[in-house]
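Asks: Following this message is one structure expressed as structure tokens.
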Amino acid sequence: MANDTPCNAVCFIDPRTDLCAGCGRTLPEIAMWHRLESSERLAIMATLPQRMATAGMPPAPSRNRKTGPS
């Protein structure tokens, strides 16, 4: 599931949009995330950039993960 999450540890629900400022998910989405199938998580993740843009929020910070030695 590690790759099936947009979480980047910038957790703040914007009161104007009800979206997480870090990832763009709603509180209900965050709460049910662990119960969703991978395909459902990926489908939601595909909507997040446009959702944040429509809400006038800056793009989510990058989730740079090291996968091996640099």
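Each chain in the structure tokens gets a letter, A, B, ..., in the order shown, and its residues are numbered from 1; ligands are numbered from 1 in order too.
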Would you pick out the contacts of Asp4 (chain A) at 7 Å or less, using only C-alpha atoms, so that residues sharing its chain but fewer than 6 positions from it are not included, and give the list as a list in words?
Replies: Ser38, Arg41 and Leu42 of chain A
Asks: Near Pro15 (chain A), within 12 Å and counting only C-alpha atoms, which residues show up once chain neighbours fewer than 5 positions away are dropped, as a list of chain:residue names?
Replies: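 Those residues are A:Cys20, A:Ala21, A:Thr26, A:Leu27, A:Ala55.
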Asks: To one decimal in Å, tell me the separation between CA of Thr54 (chain A) and CA of Ala31 (chain A).
Replies: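 CA of Ala31 (chain A) lies 22.6 Å from CA of Thr54 (chain A).
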Asks: Let me make sure I understand: among A:Cys23, A:Leu36, A:Ile13, A:Ile30, which one has the smallest atom-to-atom distance to Met52 (chain A) if we use only C-alpha atoms?
Replies: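 When distances to Met52 (chain A) are compared using only C-alpha atoms, the smallest one comes from A:Cys23.
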Asks: Counting only C-alpha atoms, figure out which residue out of A:Met57, A:Leu19, A:Cys11, A:Arg25 gets nearest to Ile44 (chain A).
Replies: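 Ranking A:Met57, A:Leu19, A:Cys11, A:Arg25 by distance to Ile44 (chain A), first place goes to A:Arg25.
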Asks: Could you check the closest approach to Glu29 (chain A) for each of A:Gln50, A:Ala43, A:Asn3, A:Ala60 and tell me which residue wins, using only C-alpha atoms?
Replies: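 The closest residue to Glu29 (chain A) is A:Ala43.
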Asks: Extract the full set of alpha helix (DSSP H) residues from region 3-34 of chain A according to DSSP on the backbone, and format it as a PyMOL selection string.
Replies: chain A and resi 27-32
Asks: One decimal, Å: what's the distance from CA of Thr17 (chain A) over to CA of Pro59 (chain A), could you say?
Replies: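 These two atoms are separated by 14.1 Å.
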